[in-house]
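S.K.: File my_file_10.cif follows (mmCIF, C-alpha atoms):
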data_model
#
loop_
_atom_site.group_PDB
_atom_site.id
_atom_site.type_symbol
_atom_site.label_atom_id
_atom_site.label_comp_id
_atom_site.auth_asym_id
_atom_site.auth_seq_id
_atom_site.Cartn_x
_atom_site.Cartn_y
_atom_site.Cartn_z
ATOM 1 C CA MET A 1 -9.586 10.191 19.853
ATOM 2 C CA ASN A 2 -12.845 10.315 17.878
ATOM 3 C CA VAL A 3 -15.438 7.636 18.547
ATOM 4 C CA PRO A 4 -15.431 5.214 15.586
ATOM 5 C CA VAL A 5 -18.596 4.426 13.646
ATOM 6 C CA SER A 6 -20.467 1.576 15.385
ATOM 7 C CA LYS A 7 -22.562 0.543 12.391
ATOM 8 C CA TYR A 8 -23.395 1.334 8.779
ATOM 9 C CA GLU A 9 -26.920 0.992 7.467
ATOM 10 C CA GLY A 10 -28.971 2.011 4.487
ATOM 11 C CA ILE A 11 -30.840 0.776 1.418
ATOM 12 C CA PHE A 12 -29.142 -0.912 -1.522
ATOM 13 C CA SER A 13 -29.790 1.018 -4.734
ATOM 14 C CA GLN A 14 -30.370 -0.325 -8.219
ATOM 15 C CA ASN A 15 -26.734 0.550 -9.019
ATOM 16 C CA HIS A 16 -25.559 -2.313 -6.801
ATOM 17 C CA ALA A 17 -28.156 -4.887 -7.854
ATOM 18 C CA GLY A 18 -26.528 -8.216 -8.688
ATOM 19 C CA GLN A 19 -23.151 -7.304 -7.171
ATOM 20 C CA ARG A 20 -21.496 -9.349 -4.463
ATOM 21 C CA ILE A 21 -22.487 -7.939 -1.099
ATOM 22 C CA ASP A 22 -18.886 -7.415 0.070
ATOM 23 C CA SER A 23 -18.063 -5.536 -3.141
ATOM 24 C CA ALA A 24 -21.153 -3.315 -2.919
ATOM 25 C CA LEU A 25 -20.494 -2.453 0.723
ATOM 26 C CA ALA A 26 -16.832 -1.708 -0.015
ATOM 27 C CA ASP A 27 -17.951 0.756 -2.718
ATOM 28 C CA MET A 28 -19.997 2.654 -0.140
ATOM 29 C CA MET A 29 -17.644 2.419 2.845
ATOM 30 C CA ALA A 30 -14.298 3.894 1.867
ATOM 31 C CA ASP A 31 -12.970 3.685 5.428
ATOM 32 C CA LEU A 32 -13.342 -0.110 5.496
ATOM 33 C CA SER A 33 -11.350 -2.424 3.263
ATOM 34 C CA ARG A 34 -13.118 -5.211 1.394
ATOM 35 C CA GLU A 35 -11.174 -7.784 3.434
ATOM 36 C CA ARG A 36 -12.344 -6.132 6.653
ATOM 37 C CA ILE A 37 -15.937 -6.210 5.414
ATOM 38 C CA LYS A 38 -15.604 -9.900 4.483
ATOM 39 C CA ALA A 39 -14.368 -10.676 7.998
ATOM 40 C CA LEU A 40 -17.284 -8.796 9.570
ATOM 41 C CA ILE A 41 -19.784 -10.648 7.363
ATOM 42 C CA LYS A 42 -18.207 -13.983 8.252
ATOM 43 C CA ASP A 43 -18.536 -13.068 11.938
ATOM 44 C CA GLY A 44 -22.285 -12.621 11.464
ATOM 45 C CA ARG A 45 -22.321 -8.832 11.779
ATOM 46 C CA LEU A 46 -24.374 -8.135 8.627
ATOM 47 C CA LEU A 47 -28.163 -8.040 8.583
ATOM 48 C CA ILE A 48 -30.151 -7.826 5.353
ATOM 49 C CA ASP A 49 -33.795 -6.937 5.968
ATOM 50 C CA GLY A 50 -33.251 -8.064 9.552
ATOM 51 C CA SER A 51 -31.815 -11.486 8.669
ATOM 52 C CA LYS A 52 -28.203 -12.434 9.287
ATOM 53 C CA VAL A 53 -26.063 -12.973 6.169
ATOM 54 C CA THR A 54 -22.669 -14.693 6.475
ATOM 55 C CA GLN A 55 -21.781 -15.240 2.809
ATOM 56 C CA SER A 56 -19.788 -12.386 1.249
ATOM 57 C CA SER A 57 -20.581 -13.731 -2.206
ATOM 58 C CA ALA A 58 -24.352 -13.322 -1.764
ATOM 59 C CA LYS A 59 -25.868 -11.048 -4.407
ATOM 60 C CA VAL A 60 -27.405 -7.673 -3.696
ATOM 61 C CA ARG A 61 -31.129 -7.121 -4.267
ATOM 62 C CA ALA A 62 -32.090 -3.502 -4.841
ATOM 63 C CA GLY A 63 -34.323 -1.982 -2.167
ATOM 64 C CA THR A 64 -33.152 -4.271 0.636
ATOM 65 C CA HIS A 65 -32.009 -2.763 3.935
ATOM 66 C CA TYR A 66 -28.503 -3.510 5.167
ATOM 67 C CA CYS A 67 -26.977 -3.006 8.610
ATOM 68 C CA LEU A 68 -23.301 -3.777 9.193
ATOM 69 C CA ASP A 69 -22.270 -3.787 12.852
ATOM 70 C CA ILE A 70 -18.734 -2.557 13.586
ATOM 71 C CA PRO A 71 -17.237 -3.842 16.856
ATOM 72 C CA PRO A 72 -14.914 -1.608 18.892
ATOM 73 C CA PRO A 73 -11.301 -1.727 17.654
ATOM 74 C CA VAL A 74 -9.252 -4.542 19.114
ATOM 75 C CA ALA A 75 -6.662 -3.226 21.520
ATOM 76 C CA ALA A 76 -3.243 -3.093 19.904
ATOM 77 C CA HIS A 77 -1.065 -5.959 21.059
ATOM 78 C CA ALA A 78 2.057 -4.117 19.962
ATOM 79 C CA LEU A 79 4.012 -2.380 22.693
ATOM 80 C CA PRO A 80 5.360 1.167 22.380
ATOM 81 C CA GLN A 81 9.063 1.200 21.553
ATOM 82 C CA ASP A 82 11.417 4.155 21.429
ATOM 83 C CA ILE A 83 12.528 3.723 17.822
ATOM 84 C CA PRO A 84 13.779 6.810 15.934
ATOM 85 C CA LEU A 85 11.467 8.074 13.182
ATOM 86 C CA ASP A 86 12.301 10.372 10.288
ATOM 87 C CA ILE A 87 9.236 12.616 10.505
ATOM 88 C CA VAL A 88 8.624 14.838 7.489
ATOM 89 C CA TYR A 89 5.387 16.464 8.712
ATOM 90 C CA GLU A 90 3.116 16.184 11.740
ATOM 91 C CA ASP A 91 -0.030 17.840 13.094
ATOM 92 C CA ASP A 92 -2.952 16.816 15.309
ATOM 93 C CA ALA A 93 -4.567 14.711 12.577
ATOM 94 C CA LEU A 94 -1.772 12.899 10.776
ATOM 95 C CA LEU A 95 1.918 12.234 10.414
ATOM 96 C CA VAL A 96 4.080 11.783 7.300
ATOM 97 C CA LEU A 97 7.358 9.943 7.706
ATOM 98 C CA ASP A 98 10.229 8.615 5.637
ATOM 99 C CA LYS A 99 10.502 4.875 6.341
ATOM 100 C CA PRO A 100 13.937 3.282 6.078
ATOM 101 C CA ALA A 101 14.402 0.035 4.191
ATOM 102 C CA GLY A 102 14.311 -2.913 6.575
ATOM 103 C CA MET A 103 11.526 -1.605 8.831
ATOM 104 C CA VAL A 104 8.311 -3.634 8.891
ATOM 105 C CA VAL A 105 5.174 -1.488 8.959
ATOM 106 C CA HIS A 106 3.081 -3.479 11.438
ATOM 107 C CA PRO A 107 3.576 -6.531 13.671
ATOM 108 C CA ALA A 108 3.068 -9.898 12.019
ATOM 109 C CA ALA A 109 4.399 -13.432 12.248
ATOM 110 C CA GLY A 110 8.162 -13.226 12.637
ATOM 111 C CA HIS A 111 8.072 -9.483 13.354
ATOM 112 C CA ALA A 112 6.485 -9.041 16.776
ATOM 113 C CA ASP A 113 8.330 -5.820 17.532
ATOM 114 C CA GLY A 114 10.681 -3.238 16.048
ATOM 115 C CA THR A 115 7.950 -2.220 13.608
ATOM 116 C CA LEU A 116 6.660 1.154 12.543
ATOM 117 C CA VAL A 117 3.543 0.588 14.672
ATOM 118 C CA ASN A 118 5.712 0.023 17.755
ATOM 119 C CA ALA A 119 7.527 3.277 17.031
ATOM 120 C CA LEU A 120 4.298 5.196 16.389
ATOM 121 C CA LEU A 121 2.694 3.967 19.615
ATOM 122 C CA HIS A 122 5.643 5.448 21.525
ATOM 123 C CA HIS A 123 5.884 8.665 19.540
ATOM 124 C CA CYS A 124 2.149 9.416 19.524
ATOM 125 C CA LYS A 125 1.500 8.110 23.048
ATOM 126 C CA GLY A 126 -1.592 6.188 22.013
ATOM 127 C CA GLN A 127 -3.111 8.951 19.870
ATOM 128 C CA LEU A 128 -3.552 6.858 16.748
ATOM 129 C CA SER A 129 -6.661 5.980 14.784
ATOM 130 C CA GLY A 130 -8.212 2.636 15.631
ATOM 131 C CA ILE A 131 -10.656 2.654 12.752
ATOM 132 C CA GLY A 132 -8.992 -0.349 11.126
ATOM 133 C CA GLY A 133 -10.385 -2.536 13.890
ATOM 134 C CA VAL A 134 -7.164 -4.524 14.186
ATOM 135 C CA ALA A 135 -3.807 -4.096 15.868
ATOM 136 C CA ARG A 136 -2.526 -1.702 13.212
ATOM 137 C CA PRO A 137 -3.262 1.698 14.741
ATOM 138 C CA GLY A 138 -2.856 4.636 12.391
ATOM 139 C CA ILE A 139 -1.924 2.578 9.343
ATOM 140 C CA VAL A 140 -3.710 3.801 6.213
ATOM 141 C CA HIS A 141 -1.412 2.218 3.602
ATOM 142 C CA ARG A 142 1.792 0.212 3.548
ATOM 143 C CA ILE A 143 5.061 -0.151 1.707
ATOM 144 C CA ASP A 144 7.118 -3.323 1.779
ATOM 145 C CA LYS A 145 9.649 -3.957 4.518
ATOM 146 C CA ASP A 146 12.579 -3.565 2.134
ATOM 147 C CA THR A 147 11.170 -0.575 0.262
ATOM 148 C CA SER A 148 12.114 2.840 1.586
ATOM 149 C CA GLY A 149 10.165 6.063 1.427
ATOM 150 C CA LEU A 150 7.117 8.111 2.347
ATOM 151 C CA LEU A 151 4.115 6.964 4.366
ATOM 152 C CA VAL A 152 1.186 8.848 5.872
ATOM 153 C CA THR A 153 -0.384 7.623 9.133
ATOM 154 C CA ALA A 154 -3.573 8.781 10.859
ATOM 155 C CA LYS A 155 -3.933 10.029 14.413
ATOM 156 C CA THR A 156 -7.730 10.384 14.366
ATOM 157 C CA ASP A 157 -10.549 8.331 12.939
ATOM 158 C CA VAL A 158 -11.732 11.300 10.861
ATOM 159 C CA ALA A 159 -8.278 11.611 9.291
ATOM 160 C CA HIS A 160 -8.111 7.851 8.755
ATOM 161 C CA ALA A 161 -11.480 7.771 6.981
ATOM 162 C CA GLY A 162 -10.605 10.790 4.818
ATOM 163 C CA LEU A 163 -7.255 9.373 3.763
ATOM 164 C CA ALA A 164 -8.667 5.894 3.194
ATOM 165 C CA ARG A 165 -11.289 7.389 0.896
ATOM 166 C CA GLN A 166 -8.587 9.053 -1.215
ATOM 167 C CA PHE A 167 -6.574 5.835 -1.451
ATOM 168 C CA ALA A 168 -9.747 3.971 -2.425
ATOM 169 C CA ASP A 169 -10.604 6.381 -5.246
ATOM 170 C CA HIS A 170 -6.942 6.501 -6.387
ATOM 171 C CA SER A 171 -6.635 10.272 -5.989
ATOM 172 C CA VAL A 172 -3.427 10.070 -3.934
ATOM 173 C CA THR A 173 -0.253 10.981 -5.835
ATOM 174 C CA ARG A 174 2.472 8.358 -5.428
ATOM 175 C CA GLN A 175 5.702 8.166 -7.378
ATOM 176 C CA TYR A 176 8.473 5.624 -6.888
ATOM 177 C CA TYR A 177 12.049 5.463 -8.137
ATOM 178 C CA ALA A 178 13.200 2.000 -9.162
ATOM 179 C CA ILE A 179 16.481 0.706 -10.553
ATOM 180 C CA VAL A 180 15.551 -2.005 -13.041
ATOM 181 C CA GLN A 181 17.562 -4.574 -14.917
ATOM 182 C CA GLY A 182 17.954 -3.772 -18.597
ATOM 183 C CA ARG A 183 16.543 -0.717 -20.363
ATOM 184 C CA PRO A 184 12.796 -0.558 -20.985
ATOM 185 C CA ASN A 185 11.787 -0.225 -24.624
ATOM 186 C CA PRO A 186 9.760 1.870 -25.079
ATOM 187 C CA ALA A 187 11.388 4.074 -22.485
ATOM 188 C CA LYS A 188 8.005 5.357 -21.348
ATOM 189 C CA GLY A 189 4.680 3.576 -21.070
ATOM 190 C CA THR A 190 1.843 2.157 -19.015
ATOM 191 C CA VAL A 191 1.423 -1.334 -17.589
ATOM 192 C CA THR A 192 -2.130 -2.531 -16.979
ATOM 193 C CA GLY A 193 -2.732 -5.923 -15.450
ATOM 194 C CA ASN A 194 -4.783 -7.322 -12.591
ATOM 195 C CA ILE A 195 -2.648 -8.335 -9.619
ATOM 196 C CA GLY A 196 -3.456 -11.280 -7.360
ATOM 197 C CA ARG A 197 -1.825 -14.173 -5.551
ATOM 198 C CA SER A 198 0.392 -16.363 -7.688
ATOM 199 C CA ARG A 199 -0.984 -19.865 -8.168
ATOM 200 C CA ARG A 200 2.552 -21.246 -8.198
ATOM 201 C CA ASP A 201 3.744 -19.515 -5.038
ATOM 202 C CA ARG A 202 1.170 -18.036 -2.630
ATOM 203 C CA LYS A 203 3.851 -15.820 -1.073
ATOM 204 C CA LYS A 204 4.184 -13.963 -4.367
ATOM 205 C CA MET A 205 1.888 -11.746 -6.380
ATOM 206 C CA ALA A 206 1.377 -12.082 -10.121
ATOM 207 C CA ILE A 207 -0.542 -10.655 -13.065
ATOM 208 C CA VAL A 208 -3.748 -12.695 -13.214
ATOM 209 C CA PRO A 209 -6.570 -12.996 -15.779
ATOM 210 C CA ASP A 210 -9.452 -10.519 -15.920
ATOM 211 C CA GLY A 211 -12.049 -11.339 -13.303
ATOM 212 C CA HIS A 212 -9.371 -12.274 -10.793
ATOM 213 C CA GLY A 213 -7.200 -10.175 -8.474
ATOM 214 C CA LYS A 214 -7.436 -6.385 -8.447
ATOM 215 C CA HIS A 215 -7.186 -3.881 -11.278
ATOM 216 C CA ALA A 216 -3.726 -2.289 -11.331
ATOM 217 C CA VAL A 217 -2.145 0.441 -13.468
ATOM 218 C CA THR A 218 1.460 1.690 -13.366
ATOM 219 C CA HIS A 219 2.846 4.517 -15.512
ATOM 220 C CA TYR A 220 6.632 4.338 -15.951
ATOM 221 C CA GLU A 221 9.266 6.590 -17.470
ATOM 222 C CA THR A 222 13.009 6.055 -17.879
ATOM 223 C CA VAL A 223 14.875 8.802 -16.055
ATOM 224 C CA GLU A 224 18.442 7.646 -16.721
ATOM 225 C CA LYS A 225 20.077 4.879 -18.744
ATOM 226 C CA LEU A 226 22.697 2.896 -16.787
ATOM 227 C CA HIS A 227 25.038 -0.051 -17.382
ATOM 228 C CA GLU A 228 22.607 -2.782 -18.485
ATOM 229 C CA ALA A 229 20.061 -1.115 -16.194
ATOM 230 C CA ALA A 230 17.925 2.014 -15.880
ATOM 231 C CA LEU A 231 16.585 4.380 -13.266
ATOM 232 C CA VAL A 232 12.822 4.447 -13.762
ATOM 233 C CA ARG A 233 10.155 6.669 -12.230
ATOM 234 C CA CYS A 234 6.847 4.900 -11.652
ATOM 235 C CA GLN A 235 3.568 6.652 -10.951
ATOM 236 C CA LEU A 236 0.891 4.504 -9.370
ATOM 237 C CA GLU A 237 -2.649 4.936 -10.612
ATOM 238 C CA THR A 238 -3.652 2.153 -8.210
ATOM 239 C CA GLY A 239 -1.879 0.778 -5.160
ATOM 240 C CA ARG A 240 -1.694 -3.015 -5.089
ATOM 241 C CA THR A 241 0.633 -5.299 -3.155
ATOM 242 C CA HIS A 242 4.037 -5.444 -4.915
ATOM 243 C CA GLN A 243 2.553 -3.491 -7.836
ATOM 244 C CA VAL A 244 5.732 -1.844 -9.169
ATOM 245 C CA ARG A 245 7.748 -5.015 -8.651
ATOM 246 C CA VAL A 246 5.244 -7.240 -10.476
ATOM 247 C CA HIS A 247 4.495 -4.825 -13.313
ATOM 248 C CA MET A 248 8.130 -4.052 -14.116
ATOM 249 C CA ALA A 249 9.033 -7.756 -13.928
ATOM 250 C CA SER A 250 6.208 -8.443 -16.411
ATOM 251 C CA LEU A 251 8.034 -6.210 -18.898
ATOM 252 C CA GLY A 252 11.226 -8.217 -18.440
ATOM 253 C CA HIS A 253 12.776 -5.450 -16.325
ATOM 254 C CA SER A 254 12.616 -6.666 -12.749
ATOM 255 C CA LEU A 255 13.982 -4.496 -9.965
ATOM 256 C CA LEU A 256 17.646 -4.832 -9.170
ATOM 257 C CA GLY A 257 18.123 -6.915 -6.018
ATOM 258 C CA ASP A 258 14.496 -8.066 -5.836
ATOM 259 C CA PRO A 259 14.569 -11.412 -3.958
ATOM 260 C CA ASN A 260 11.158 -12.536 -5.223
ATOM 261 C CA TYR A 261 10.734 -11.351 -8.791
ATOM 262 C CA ALA A 262 14.254 -11.058 -10.228
ATOM 263 C CA ARG A 263 16.924 -13.335 -11.561
ATOM 264 C CA THR A 264 19.961 -11.164 -11.128
ATOM 265 C CA HIS A 265 21.832 -10.565 -14.382
ATOM 266 C CA LYS A 266 25.416 -11.708 -14.446
ATOM 267 C CA ALA A 267 26.534 -8.105 -14.975
ATOM 268 C CA HIS A 268 25.067 -7.089 -11.615
ATOM 269 C CA ARG A 269 25.915 -9.998 -9.300
ATOM 270 C CA THR A 270 29.354 -8.731 -8.329
ATOM 271 C CA LEU A 271 28.046 -5.207 -7.810
ATOM 272 C CA LEU A 272 25.309 -6.327 -5.431
ATOM 273 C CA LYS A 273 27.767 -8.455 -3.485
ATOM 274 C CA GLU A 274 30.387 -5.706 -3.215
ATOM 275 C CA THR A 275 27.873 -3.083 -2.090
ATOM 276 C CA GLY A 276 25.993 -5.432 0.215
ATOM 277 C CA PHE A 277 22.748 -4.377 -1.439
ATOM 278 C CA ALA A 278 20.213 -7.045 -0.486
ATOM 279 C CA ARG A 279 16.783 -5.567 -1.212
ATOM 280 C CA GLN A 280 14.662 -4.454 -4.139
ATOM 281 C CA ALA A 281 15.916 -1.102 -5.448
ATOM 282 C CA LEU A 282 12.662 0.753 -4.828
ATOM 283 C CA HIS A 283 11.967 4.061 -3.096
ATOM 284 C CA ALA A 284 8.634 5.833 -2.470
ATOM 285 C CA ALA A 285 9.793 9.294 -3.468
ATOM 286 C CA THR A 286 6.670 11.474 -3.617
ATOM 287 C CA LEU A 287 3.344 11.520 -1.794
ATOM 288 C CA GLY A 288 0.484 13.939 -2.382
ATOM 289 C CA PHE A 289 -3.045 14.097 -0.961
ATOM 290 C CA ILE A 290 -5.736 16.461 0.325
ATOM 291 C CA HIS A 291 -5.457 16.979 4.077
ATOM 292 C CA PRO A 292 -8.625 15.289 5.436
ATOM 293 C CA THR A 293 -9.402 18.000 8.009
ATOM 294 C CA LEU A 294 -7.675 21.122 6.669
ATOM 295 C CA ASP A 295 -8.836 20.506 3.062
ATOM 296 C CA GLU A 296 -5.441 21.670 1.802
ATOM 297 C CA GLU A 297 -3.200 20.075 -0.822
ATOM 298 C CA MET A 298 -0.213 18.346 0.768
ATOM 299 C CA PHE A 299 2.830 17.241 -1.221
ATOM 300 C CA PHE A 300 6.042 15.647 0.033
ATOM 301 C CA GLU A 301 9.287 14.486 -1.571
ATOM 302 C CA SER A 302 12.036 12.179 -0.345
ATOM 303 C CA LYS A 303 15.529 11.883 -1.796
ATOM 304 C CA ILE A 304 16.773 8.543 -3.059
ATOM 305 C CA PRO A 305 18.535 6.916 -0.069
ATOM 306 C CA ALA A 306 22.284 6.363 0.199
ATOM 307 C CA ASP A 307 22.286 2.646 -0.644
ATOM 308 C CA MET A 308 20.446 3.224 -3.928
ATOM 309 C CA GLN A 309 22.607 6.283 -4.647
ATOM 310 C CA GLU A 310 25.689 4.076 -4.383
ATOM 311 C CA LEU A 311 24.205 1.631 -6.870
ATOM 312 C CA LEU A 312 23.466 4.467 -9.257
ATOM 313 C CA MET A 313 27.014 5.813 -8.975
ATOM 314 C CA ARG A 314 28.519 2.386 -9.686
ATOM 315 C CA LEU A 315 26.156 1.703 -12.581
ATOM 316 C CA ARG A 316 27.109 4.994 -14.252
ATOM 317 C CA VAL A 317 30.723 3.918 -14.647
#
Transcribe the structure of this file into structure tokens.
M.R.:
Amino acid sequence: MNVPVSKYEGIFSQNHAGQRIDSALADMMADLSRERIKALIKDGRLLIDGSKVTQSSAKVRAGTHYCLDIPPPVAAHALPQDIPLDIVYEDDALLVLDKPAGMVVHPAAGHADGTLVNALLHHCKGQLSGIGGVARPGIVHRIDKDTSGLLVTAKTDVAHAGLARQFADHSVTRQYYAIVQGRPNPAKGTVTGNIGRSRRDRKKMAIVPDGHGKHAVTHYETVEKLHEAALVRCQLETGRTHQVRVHMASLGHSLLGDPNYARTHKAHRTLLKETGFARQALHAATLGFIHPTLDEEMFFESKIPADMQELLMRLRV
């Protein structure tokens, strides 16, 4: 495994003058998330002109020297588990897999094991990037527990940094298939709206005013009209938590079966009960990126899974 970067240092340019320090550093360090940088600053690991700074909201002054110390990655608390994985592609640098609905990506409260990380630790025998600095080895991006589809994970720190950079600059191709309630009108369009924590329910995300949350853009297109529903293809220009779910719900076309953002239409209640479908009807169908070490275009596709196929068949009647 490559040795991770132990510190970042340099001089703030005029371009970052007046910005929050955490935001400016995140712009320059694609392999570290803004939340990770905030945590490091809070822990006293940032020096500005030799003085410790612990406030992420402090403003940048052009010409000042910064040094952000990166501690060694915390050892993963997750244990390797022999859990079957549907691997689409694998080499020495990365692995692309098709995650089933119901699998949590990394251990968290209430999900200490049985996660994708547990499975990866067994499959890769410890050869996973630790650049995230937390017990989430190899994880570059996530999809929700009850969303199925394609994920790329990193085996080396070089691969992790290269992939993270592409996710940060939104150059990764990601398309999802969603079954939504009702039929979008217009059938094709773009949803733009910052996404952040809902003030009413902190467990949910919501479209929030400018200046809050994170910029989010979703392009959607109706693929097939169904019985009081539609199969929609969504292309993500950004990748925010619950982005497709929140953006489609904002149009009045929440995802079928979504436990957080949908009020199930009367026409669909019996169908969901009969099929036992108890998740949001969302599948990460395509994934494209530049291989971080081979510098080659990579593109992968995943078929809509059986449970969503059954819904589609029933909704066509």
S.K.: Starting from the displayed file, determine the output of the PyMOL selection byres ((chain A and resi 42) around 12) and express the residue list as number ranges by chain.
M.R.: A: 21-22, 35-41, 43-47, 52-58, 68-69
S.K.: Residues near Leu85 in chain A, anyone? I mean within 9 Å using all atoms listed in the file, not counting same-chain ones fewer than 5 positions away, as a list in words.
M.R.: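 Skipping anything fewer than 5 positions along the chain leaves Leu97, Asp98, Lys99, Pro100, Leu116, Ala119, Leu120 and His123 of chain A.
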S.K.: Kindly give the distance, in Å, that separates CA of Ile48 in chain A and CA of Leu32 in chain A, rounded to a single decimal.
M.R.: 18.5 Å
S.K.: Would you pick out the contacts of range 201-209 of chain A at 10 Å or less, using only C-alpha atoms, so that residues sharing its chain but fewer than 2 positions from it are not included, and give the list as a ChimeraX atom specification?
M.R.: /A:192-199,211-216,240-243,245-247,249-250,260-261
S.K.: Find the distance between CA of His160 in chain A and CA of Arg142 in chain A and write it in Å to one decimal.
M.R.: 13.5 Å
S.K.: Just how far from CA of Ala229 in chain A is CA of Gly182 in chain A, in Å to one decimal?
M.R.: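 Going from CA of Gly182 in chain A over to CA of Ala229 in chain A, I get 4.2 Å.
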S.K.: Could you tell me which of A:Arg61, A:His283, A:Arg183, A:Arg174 comes closest to Ala24 in chain A if we count only C-alpha atoms?
M.R.: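 The shortest atom-to-atom distance to Ala24 in chain A comes from A:Arg61.
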S.K.: Can you tell me which residues surround Arg316 in chain A at a distance of at most 9 Å, considering only C-alpha atoms, apart from same-chain residues fewer than 5 positions away, and format the answer as a PyMOL selection string?
M.R.: chain A and resi 225-227+311
S.K.: Evaluated on this file, the PyMOL selection byres ((chain A and resi 284) around 7) picks out some residues - which ones are they, written as a ChimeraX atom specification?
M.R.: /A:148-150,175-177,282-283,285-286
S.K.: Specify as a ChimeraX atom specification each residue included when the PyMOL selection byres ((chain A and resi 188) around 9) is applied to this file.
M.R.: /A:184-187,189-190,219-222
S.K.: Of the candidates A:Ala178, A:Tyr66, A:Asp210, A:Thr275, which one gets nearest to Gln235 in chain A if we count only C-alpha atoms?
M.R.: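 Using only C-alpha atoms, the shortest distance to Gln235 in chain A belongs to A:Ala178.
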S.K.: Asp144 in chain A: which residues within 9 Å, counting only C-alpha atoms, same-chain residues fewer than 6 positions away excluded, as JSON, numbers by chain?
M.R.: {"A": [101, 102, 103, 104, 105, 241, 242]}
S.K.: Using only C-alpha atoms, which residue out of A:Val88, A:Val317, A:Ile11, A:Val217 lies closest to Ser302 in chain A?
M.R.: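 The closest residue to Ser302 in chain A is A:Val88.
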S.K.: Got a sec to check which residues sit within 12 Å of (26.0, 3.4, -12.5), counting only C-alpha atoms, and write them as an mmCIF file with C-alpha atoms, in the frame of the given file?
M.R.:
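Ended up saving to selection_5.cif:
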data_model
loop_
_atom_site.group_PDB
_atom_site.id
_atom_site.type_symbol
_atom_site.label_atom_id
_atom_site.label_comp_id
_atom_site.auth_asym_id
_atom_site.auth_seq_id
_atom_site.Cartn_x
_atom_site.Cartn_y
_atom_site.Cartn_z
ATOM 1 C CA ILE A 179 16.481 0.706 -10.553
ATOM 2 C CA VAL A 180 15.551 -2.005 -13.041
ATOM 3 C CA GLN A 181 17.562 -4.574 -14.917
ATOM 4 C CA GLU A 224 18.442 7.646 -16.721
ATOM 5 C CA LYS A 225 20.077 4.879 -18.744
ATOM 6 C CA LEU A 226 22.697 2.896 -16.787
ATOM 7 C CA HIS A 227 25.038 -0.051 -17.382
ATOM 8 C CA GLU A 228 22.607 -2.782 -18.485
ATOM 9 C CA ALA A 229 20.061 -1.115 -16.194
ATOM 10 C CA ALA A 230 17.925 2.014 -15.880
ATOM 11 C CA LEU A 231 16.585 4.380 -13.266
ATOM 12 C CA ALA A 267 26.534 -8.105 -14.975
ATOM 13 C CA HIS A 268 25.067 -7.089 -11.615
ATOM 14 C CA LEU A 271 28.046 -5.207 -7.810
ATOM 15 C CA MET A 308 20.446 3.224 -3.928
ATOM 16 C CA GLN A 309 22.607 6.283 -4.647
ATOM 17 C CA GLU A 310 25.689 4.076 -4.383
ATOM 18 C CA LEU A 311 24.205 1.631 -6.870
ATOM 19 C CA LEU A 312 23.466 4.467 -9.257
ATOM 20 C CA MET A 313 27.014 5.813 -8.975
ATOM 21 C CA ARG A 314 28.519 2.386 -9.686
ATOM 22 C CA LEU A 315 26.156 1.703 -12.581
ATOM 23 C CA ARG A 316 27.109 4.994 -14.252
ATOM 24 C CA VAL A 317 30.723 3.918 -14.647
#
S.K.: Identify which of the residues A:Ser254, A:Pro259, A:Lys273, A:Ala154 lies closest to Asp91 in chain A, counting all atoms listed in the file when measuring atom-to-atom distances.
M.R.: A:Ala154
S.K.: Nearest to His141 in chain A among A:Gly239, A:Gly50, A:Val60, A:Pro84, with distances taken over all atoms listed in the file: which residue is it?
M.R.: A:Gly239
S.K.: Restricting the calculation to all atoms listed in the file: of A:Val191, A:Val232, A:Ile304, A:Ile290, which residue gets closest to Thr218 in chain A?
M.R.: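 The closest residue to Thr218 in chain A is A:Val191.
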S.K.: Just give me the residues with any atom within 12 Å of (-30.7, -4.7, -8.0), file coordinates, counting all atoms listed in the file, written as a ChimeraX atom specification.
M.R.: /A:11-21,24,59-64
